[in-house]
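What follows is the content of coords_24.txt (compact mmCIF, C-alpha atoms).
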# COMPACT_ATOMS: atom_id res chain seq x y z
CA MET T 1 113.23 79.18 79.27
CA PHE T 2 111.33 80.60 82.25
CA HIS T 3 114.33 82.61 83.43
CA GLN T 4 114.65 84.12 79.94
CA ILE T 5 110.96 85.03 79.89
CA ARG T 6 111.04 86.50 83.37
CA THR T 7 114.00 88.69 82.39
CA GLN T 8 112.04 90.12 79.47
CA VAL T 9 108.96 90.65 81.61
CA GLN T 10 111.16 92.45 84.14
CA GLN T 11 112.30 94.82 81.39
CA LEU T 12 108.67 95.65 80.54
CA LEU T 13 107.19 95.88 84.03
CA GLY T 14 110.14 96.56 86.30
CA GLN T 15 109.36 100.28 86.65
CA ASP T 16 105.59 99.96 86.93
CA ASN T 17 103.94 101.78 89.84
CA SER T 18 100.34 100.75 89.19
CA GLY T 19 100.41 97.43 91.04
CA HIS T 20 101.39 95.40 87.97
CA ASP T 21 105.09 95.19 88.79
CA MET T 22 107.30 92.11 89.13
CA ALA T 23 106.24 91.59 92.73
CA HIS T 24 102.68 91.13 91.44
CA ILE T 25 103.86 88.80 88.67
CA ASP T 26 105.83 86.67 91.12
CA ARG T 27 102.89 86.43 93.54
CA VAL T 28 100.52 85.42 90.75
CA LEU T 29 103.03 82.88 89.50
CA SER T 30 103.49 81.35 92.96
CA LEU T 31 99.75 81.20 93.65
CA SER T 32 99.02 79.85 90.16
CA LEU T 33 101.49 77.00 90.61
CA ARG T 34 99.95 76.19 93.98
CA PHE T 35 96.50 76.06 92.36
CA ALA T 36 97.90 74.00 89.47
CA THR T 37 99.11 71.33 91.87
CA ARG T 38 95.71 71.12 93.52
CA GLU T 39 93.82 71.16 90.21
CA ASN T 40 96.19 68.74 88.42
CA ALA T 41 96.93 71.24 85.64
CA ASN T 42 99.92 71.61 83.32
CA GLN T 43 102.36 73.61 85.44
CA ASP T 44 104.56 74.71 82.52
CA VAL T 45 101.60 76.23 80.67
CA VAL T 46 100.34 77.82 83.88
CA ALA T 47 103.77 79.36 84.48
CA LEU T 48 103.91 80.83 80.98
CA ILE T 49 100.46 82.39 81.30
CA ALA T 50 101.22 83.77 84.74
CA LEU T 51 104.53 85.31 83.69
CA LEU T 52 103.05 86.97 80.60
CA HIS T 53 99.54 87.87 81.70
CA ASP T 54 100.25 91.60 82.21
CA VAL T 55 102.82 92.38 79.51
CA ASP T 56 100.10 93.82 77.23
CA ASP T 57 97.85 95.33 79.89
CA TYR T 58 95.95 98.22 78.28
CA LYS T 59 96.49 100.45 81.31
CA ILE T 60 100.25 100.25 80.75
CA PHE T 61 100.80 99.53 77.06
CA GLY T 62 97.66 100.86 75.41
CA ALA T 63 94.70 99.41 73.54
CA GLU T 64 96.58 98.27 70.44
CA SER T 65 99.07 96.22 72.40
CA ALA T 66 96.25 94.74 74.48
CA GLN T 67 94.28 93.85 71.36
CA ASN T 68 97.18 92.23 69.51
CA LEU T 69 99.07 90.85 72.53
CA THR T 70 102.15 92.37 70.96
CA ASN T 71 104.63 91.84 73.78
CA ALA T 72 103.46 88.36 74.78
CA SER T 73 103.58 87.20 71.16
CA SER T 74 107.07 88.62 70.69
CA ILE T 75 108.42 86.98 73.83
CA LEU T 76 106.91 83.61 72.97
CA GLU T 77 108.35 83.79 69.45
CA GLN T 78 111.80 84.11 70.97
CA VAL T 79 111.29 81.02 73.15
CA THR T 80 111.99 78.36 70.56
CA CYS T 81 111.21 75.46 72.90
CA SER T 82 107.56 76.50 73.13
CA LYS T 83 105.42 74.55 70.68
CA ASP T 84 102.89 76.34 68.49
CA ASP T 85 99.92 74.76 70.25
CA VAL T 86 101.31 75.89 73.61
CA LYS T 87 101.81 79.42 72.30
CA ARG T 88 98.23 79.52 71.04
CA GLN T 89 96.94 78.26 74.38
CA VAL T 90 98.96 80.82 76.31
CA LEU T 91 97.90 83.75 74.11
CA SER T 92 94.27 82.67 74.15
CA ALA T 93 94.31 82.59 77.94
CA ILE T 94 96.04 85.96 78.29
CA GLY T 95 93.51 87.51 75.93
CA ALA T 96 90.68 86.40 78.22
CA ILE T 97 92.15 87.37 81.61
CA GLY T 98 91.05 90.57 83.32
CA TYR T 99 88.09 92.08 85.14
CA GLY T 100 87.11 94.29 82.23
CA LYS T 101 86.91 91.23 79.97
CA ARG T 102 84.72 89.44 82.48
CA LEU T 103 82.32 92.40 82.29
CA ASP T 104 82.08 91.52 78.59
CA GLY T 105 81.39 87.87 79.41
CA LEU T 106 84.85 86.69 78.36
CA GLN T 107 86.84 84.16 80.39
CA PRO T 108 89.62 81.62 79.75
CA ALA T 109 88.52 78.33 78.21
CA THR T 110 91.25 76.06 79.58
CA LEU T 111 91.95 74.95 83.13
CA GLU T 112 95.39 76.55 82.99
CA GLY T 113 93.93 79.88 81.94
CA LYS T 114 91.24 79.70 84.61
CA ILE T 115 93.88 79.04 87.27
CA VAL T 116 95.88 82.14 86.36
CA SER T 117 92.73 84.23 86.10
CA ASP T 118 91.80 83.19 89.64
CA ALA T 119 95.30 83.81 90.98
CA ASP T 120 95.43 87.23 89.34
CA MET T 121 92.10 88.25 90.86
CA CYS T 122 93.08 86.82 94.25
CA ASP T 123 96.11 89.10 94.26
CA ALA T 124 93.69 92.05 94.18
CA LEU T 125 92.13 90.78 97.42
CA GLY T 126 93.25 90.43 101.03
CA ALA T 127 96.04 92.36 102.70
CA THR T 128 98.13 92.50 99.54
CA GLY T 129 95.13 93.68 97.55
CA LEU T 130 94.56 96.55 99.96
CA PHE T 131 98.17 97.64 99.63
CA ARG T 132 98.04 97.42 95.81
CA LEU T 133 94.78 99.37 95.74
CA TYR T 134 96.17 102.18 97.87
CA ARG T 135 99.38 102.31 95.85
CA TYR T 136 97.51 102.48 92.53
CA ASN T 137 95.15 105.22 93.66
CA LEU T 138 97.99 107.20 95.23
CA ALA T 139 99.94 107.05 91.96
CA HIS T 140 96.91 108.38 90.06
CA GLY T 141 95.94 111.01 92.58
CA TYR T 142 92.61 109.49 93.62
CA PRO T 143 91.44 110.17 97.21
CA VAL T 144 90.92 107.41 99.74
CA PHE T 145 87.39 108.28 100.83
CA ASP T 146 84.65 110.79 100.08
CA ARG T 147 81.62 110.05 102.23
CA GLY T 148 79.35 111.84 99.76
CA PHE T 149 80.57 109.89 96.73
CA TYR T 150 79.00 106.45 96.27
CA PRO T 151 80.15 103.67 93.92
CA SER T 152 78.80 103.07 90.42
CA LEU T 153 77.68 99.46 90.53
CA ASP T 154 76.39 98.86 87.00
CA MET T 155 79.24 100.03 84.81
CA SER T 156 79.88 98.79 81.29
CA THR T 157 83.39 97.76 80.25
CA ALA T 158 83.95 101.16 78.62
CA GLU T 159 82.77 103.01 81.72
CA TYR T 160 84.98 100.88 83.95
CA ALA T 161 88.05 101.59 81.79
CA ALA T 162 87.35 105.31 81.38
CA THR T 163 89.06 108.03 83.37
CA ARG T 164 86.49 109.18 85.91
CA LYS T 165 86.07 110.21 89.51
CA ARG T 166 86.80 107.36 91.92
CA THR T 167 88.13 106.71 95.40
CA VAL T 168 89.91 103.81 97.04
CA ILE T 169 86.67 102.91 98.81
CA SER T 170 84.41 103.22 95.78
CA HIS T 171 86.74 100.95 93.78
CA MET T 172 86.47 98.28 96.46
CA PHE T 173 82.71 98.16 95.94
CA GLU T 174 82.86 98.52 92.15
CA LYS T 175 85.34 95.70 91.65
CA LEU T 176 87.18 94.07 94.53
CA LEU T 177 84.22 92.90 96.60
CA ARG T 178 82.83 91.21 93.47
CA LEU T 179 85.89 89.15 92.67
CA LYS T 180 85.21 86.16 94.91
CA ASP T 181 82.10 85.39 92.83
CA LEU T 182 84.15 85.36 89.62
CA MET T 183 86.46 82.49 90.59
CA LEU T 184 86.57 79.62 88.10
CA THR T 185 88.30 76.87 90.11
CA ASP T 186 87.74 75.32 93.51
CA SER T 187 91.20 76.46 94.60
CA GLY T 188 90.44 80.02 93.56
CA LYS T 189 87.08 80.04 95.31
CA ALA T 190 88.60 78.89 98.61
CA GLU T 191 91.45 81.41 98.47
CA ALA T 192 89.23 84.30 97.40
CA ALA T 193 86.71 83.65 100.17
CA THR T 194 89.41 84.07 102.82
CA ARG T 195 90.85 87.20 101.23
CA HIS T 196 87.38 88.68 100.70
CA GLU T 197 86.67 88.52 104.41
CA ILE T 198 89.86 90.46 105.15
CA MET T 199 88.60 93.29 102.94
CA VAL T 200 85.14 93.25 104.47
CA GLU T 201 86.57 93.46 107.99
CA PHE T 202 88.83 96.30 106.91
CA LEU T 203 85.87 98.26 105.56
CA TYR T 204 83.80 97.82 108.73
CA HIS T 205 86.74 98.98 110.85
CA PHE T 206 87.46 101.88 108.50
CA PHE T 207 83.88 103.17 108.51
CA ARG T 208 83.70 102.93 112.30
CA GLU T 209 86.91 104.90 112.64
CA GLU T 210 85.64 107.48 110.13
CA ASN T 211 82.38 107.77 112.11
CA ALA T 212 80.42 106.97 108.95
CA PRO T 213 77.42 104.87 110.07
CA GLU T 214 75.70 105.47 106.73
CA TRP T 215 78.54 103.63 105.03
CA ILE T 216 78.33 100.77 107.52
CA ASP T 217 74.70 100.40 106.49
CA TYR T 218 75.68 100.67 102.83
CA LEU T 219 78.26 97.91 103.21
CA THR T 220 75.84 95.65 105.08
CA ASN T 221 73.17 96.10 102.41
CA TYR T 222 75.71 95.55 99.65
CA LEU T 223 76.87 92.26 101.17
CA GLN T 224 73.29 91.08 101.71
CA LYS T 225 72.48 91.68 98.05
CA GLN T 226 75.57 89.69 97.05
CA GLN T 227 74.24 86.68 98.93
CA VAL T 228 70.89 86.68 97.13
For this file, produce the structure as structure tokens.
Amino acid sequence: MFHQIRTQVQQLLGQDNSGHDMAHIDRVLSLSLRFATRENANQDVVALIALLHDVDDYKIFGAESAQNLTNASSILEQVTCSKDDVKRQVLSAIGAIGYGKRLDGLQPATLEGKIVSDADMCDALGATGLFRLYRYNLAHGYPVFDRGFYPSLDMSTAEYAATRKRTVISHMFEKLLRLKDLMLTDSGKAEAATRHEIMVEFLYHFFREENAPEWIDYLTNYLQKQQV
């Protein structure tokens, strides 16, 4: 069953260059299963959610697919060994995973959904997260750094999703440095804390190398406000 699903996911995401490719899916799956062991969750359900969590991503497939979970529903319908209650649980979790949805106050209700949500966000952090961020922004033509352009820290969901000016650095403040506080499981919190520190250290080194003391101060103040 899982091999069949992965093959179909590969067909949908195999050519993606936005950081939602099969390498991302496989990392989220591996981390989700590790969390599932620690959290005593249903590993089969976790695997299904992890494999399918990006097959209707609005950035790739559009708003209608994201709203209706068109691809995930179709794939699950073809997997006859999945029971209806499992399908409902998987689709419900997928529909609640994503940073934009968290801005709207939406999050998975089940432990299995929370695990995959945490694993997905963790993959946006740390060394891998930095690589994915650079790759995504490069593909969309966004610059790495503009010392005169500061992040927008109070965006609505619509503003976050809209096409607008951004940089690699501004996106780190607008989203990535916030992720560790959005973890829903103990396993996710521990993993995110480690990966968060990697990103913070990178930013301090980057701003020193760019001779941007004003941004060092900005980062320090930003982190202090997070701790309040």
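For the residues T:Leu76, T:Leu13, T:Ala41, T:Ile60, ranking by smallest atom-to-atom distance to T:Ile115 using all atoms listed in the file places T:Ala41 first.
When the distance limit is 9 Å and all atoms listed in the file are what count, the residues near T:Leu177, minus those fewer than 2 positions from it on the same chain, are Leu125, His171, Met172, Phe173, Glu174, Lys175, Leu179, Lys180, Asp181, His196, Met199, Val200 and Leu223 of chain T.
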Any idea what's packed within 7 Å of stretch 25-39 of chain T, counting all atoms listed in the file, ignoring anything in its chain fewer than 2 positions away? Could you give it as a PyMOL selection string? chain T and resi 21-23+41-43+46-47+50-51+115-116+119-120+123+187
Based on the selection just made, write C-alpha atoms of those residues as a compact mmCIF listing (two decimals), in the coordinates of the input.
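Saved file part-v7.txt follows:
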# COMPACT_ATOMS: atom_id res chain seq x y z
CA ASP T 21 105.09 95.19 88.79
CA MET T 22 107.30 92.11 89.13
CA ALA T 23 106.24 91.59 92.73
CA ALA T 41 96.93 71.24 85.64
CA ASN T 42 99.92 71.61 83.32
CA GLN T 43 102.36 73.61 85.44
CA VAL T 46 100.34 77.82 83.88
CA ALA T 47 103.77 79.36 84.48
CA ALA T 50 101.22 83.77 84.74
CA LEU T 51 104.53 85.31 83.69
CA ILE T 115 93.88 79.04 87.27
CA VAL T 116 95.88 82.14 86.36
CA ALA T 119 95.30 83.81 90.98
CA ASP T 120 95.43 87.23 89.34
CA ASP T 123 96.11 89.10 94.26
CA SER T 187 91.20 76.46 94.60
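Among T:Ile169, T:Gln10, T:Ile75, T:Ala192, the residue with the shortest atom-to-atom distance to T:Leu130, counting all atoms listed in the file, is T:Ile169.
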What does the structure give for the distance between atom CA of T:Leu184 and atom CA of T:Lys114, in Å to one decimal? 5.8 Å
Provide the atom CA of T:Thr194 to atom CA of T:Gly100 distance in Å, to one decimal place. 23.1 Å
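Going from atom CA of T:His140 to atom CA of T:Arg166 covers 10.3 Å.
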Which of T:His20, T:Arg147, T:Phe2, T:Val168 sits closest to T:Pro213 [using all atoms listed in the file]: T:Arg147
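Nearest-residue note for T:Pro143: choosing from T:Ala124, T:Tyr99, T:Thr167, T:Ala63, the minimum distance belongs to T:Thr167, counting all atoms listed in the file.
Candidate residues T:Ile97, T:Met155, T:Leu111, T:Val45 were compared for distance to T:Asp85, and the nearest is T:Val45, using only C-alpha atoms.
You can rank T:Asp44, T:Thr110, T:Gly95, T:Glu201 by their closest distance to T:Asn68 using only C-alpha atoms, and at the top of that list sits T:Gly95.
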Exercise: residues within 10 Å of coordinate (99.3, 80.8, 74.5), counting only C-alpha atoms, as a PyMOL selection string: chain T and resi 45-46+48-49+52+72-73+76+82-95+113
Model the absent atoms of stretch 81-92 of chain T so that all heavy atoms are present, and write the result as a CSV table (one decimal), in the coordinates of the input.
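Okay, this is what ended up in result-v5.csv:
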chain,number,residue,atom,x,y,z
T,81,CYS,N,111.6,76.8,72.4
T,81,CYS,CA,111.2,75.5,72.9
T,81,CYS,C,109.7,75.4,73.2
T,81,CYS,O,109.2,74.4,73.6
T,81,CYS,CB,112.0,75.1,74.2
T,81,CYS,SG,111.9,76.3,75.4
T,82,SER,N,109.0,76.5,73.0
T,82,SER,CA,107.6,76.5,73.1
T,82,SER,C,106.9,76.1,71.8
T,82,SER,O,107.1,76.7,70.8
T,82,SER,CB,107.0,77.9,73.5
T,82,SER,OG,107.4,78.2,74.8
T,83,LYS,N,106.1,75.0,71.9
T,83,LYS,CA,105.4,74.6,70.7
T,83,LYS,C,104.3,75.5,70.3
T,83,LYS,O,103.8,76.2,71.1
T,83,LYS,CB,104.9,73.1,70.9
T,83,LYS,CG,105.9,72.1,71.3
T,83,LYS,CD,105.3,70.8,71.5
T,83,LYS,CE,106.4,69.7,71.9
T,83,LYS,NZ,105.8,68.4,72.2
T,84,ASP,N,103.9,75.4,69.0
T,84,ASP,CA,102.9,76.3,68.5
T,84,ASP,C,101.6,76.2,69.2
T,84,ASP,O,100.9,77.2,69.5
T,84,ASP,CB,102.7,76.1,67.0
T,84,ASP,CG,103.8,76.6,66.2
T,84,ASP,OD1,104.6,77.5,66.7
T,84,ASP,OD2,104.0,76.2,65.0
T,85,ASP,N,101.2,74.9,69.6
T,85,ASP,CA,99.9,74.8,70.2
T,85,ASP,C,100.0,75.3,71.7
T,85,ASP,O,99.0,75.9,72.2
T,85,ASP,CB,99.5,73.3,70.3
T,85,ASP,CG,100.5,72.4,71.0
T,85,ASP,OD1,101.7,72.8,71.0
T,85,ASP,OD2,100.1,71.4,71.6
T,86,VAL,N,101.1,75.3,72.3
T,86,VAL,CA,101.3,75.9,73.6
T,86,VAL,C,101.2,77.4,73.5
T,86,VAL,O,100.6,78.1,74.3
T,86,VAL,CB,102.6,75.5,74.2
T,86,VAL,CG1,102.9,76.2,75.5
T,86,VAL,CG2,102.7,74.0,74.5
T,87,LYS,N,101.9,78.0,72.5
T,87,LYS,CA,101.8,79.4,72.3
T,87,LYS,C,100.4,79.9,72.1
T,87,LYS,O,100.0,80.9,72.7
T,87,LYS,CB,102.7,79.8,71.1
T,87,LYS,CG,104.2,79.6,71.3
T,87,LYS,CD,104.9,79.9,70.0
T,87,LYS,CE,106.4,79.7,70.2
T,87,LYS,NZ,107.2,79.9,68.9
T,88,ARG,N,99.6,79.2,71.3
T,88,ARG,CA,98.2,79.5,71.0
T,88,ARG,C,97.4,79.4,72.3
T,88,ARG,O,96.6,80.3,72.6
T,88,ARG,CB,97.6,78.6,70.0
T,88,ARG,CG,98.1,78.9,68.5
T,88,ARG,CD,97.2,78.2,67.5
T,88,ARG,NE,97.4,76.8,67.6
T,88,ARG,CZ,98.3,76.1,66.9
T,88,ARG,NH1,99.1,76.7,66.1
T,88,ARG,NH2,98.4,74.8,67.0
T,89,GLN,N,97.7,78.4,73.1
T,89,GLN,CA,96.9,78.3,74.4
T,89,GLN,C,97.3,79.4,75.3
T,89,GLN,O,96.4,79.9,76.0
T,89,GLN,CB,97.3,76.9,75.0
T,89,GLN,CG,96.5,76.7,76.3
T,89,GLN,CD,96.8,75.3,77.0
T,89,GLN,OE1,97.4,74.5,76.3
T,89,GLN,NE2,96.4,75.1,78.2
T,90,VAL,N,98.5,79.8,75.4
T,90,VAL,CA,99.0,80.8,76.3
T,90,VAL,C,98.4,82.2,75.9
T,90,VAL,O,97.8,82.9,76.7
T,90,VAL,CB,100.5,80.9,76.4
T,90,VAL,CG1,100.9,82.2,77.1
T,90,VAL,CG2,101.1,79.7,77.0
T,91,LEU,N,98.4,82.5,74.6
T,91,LEU,CA,97.9,83.8,74.1
T,91,LEU,C,96.4,83.8,74.2
T,91,LEU,O,95.8,84.9,74.6
T,91,LEU,CB,98.3,84.0,72.6
T,91,LEU,CG,99.8,84.2,72.4
T,91,LEU,CD1,100.1,84.3,70.9
T,91,LEU,CD2,100.3,85.5,73.1
T,92,SER,N,95.7,82.7,74.0
T,92,SER,CA,94.3,82.7,74.2
T,92,SER,C,93.9,83.0,75.6
T,92,SER,O,92.9,83.7,75.9
T,92,SER,CB,93.7,81.3,73.7
T,92,SER,OG,92.3,81.2,73.9
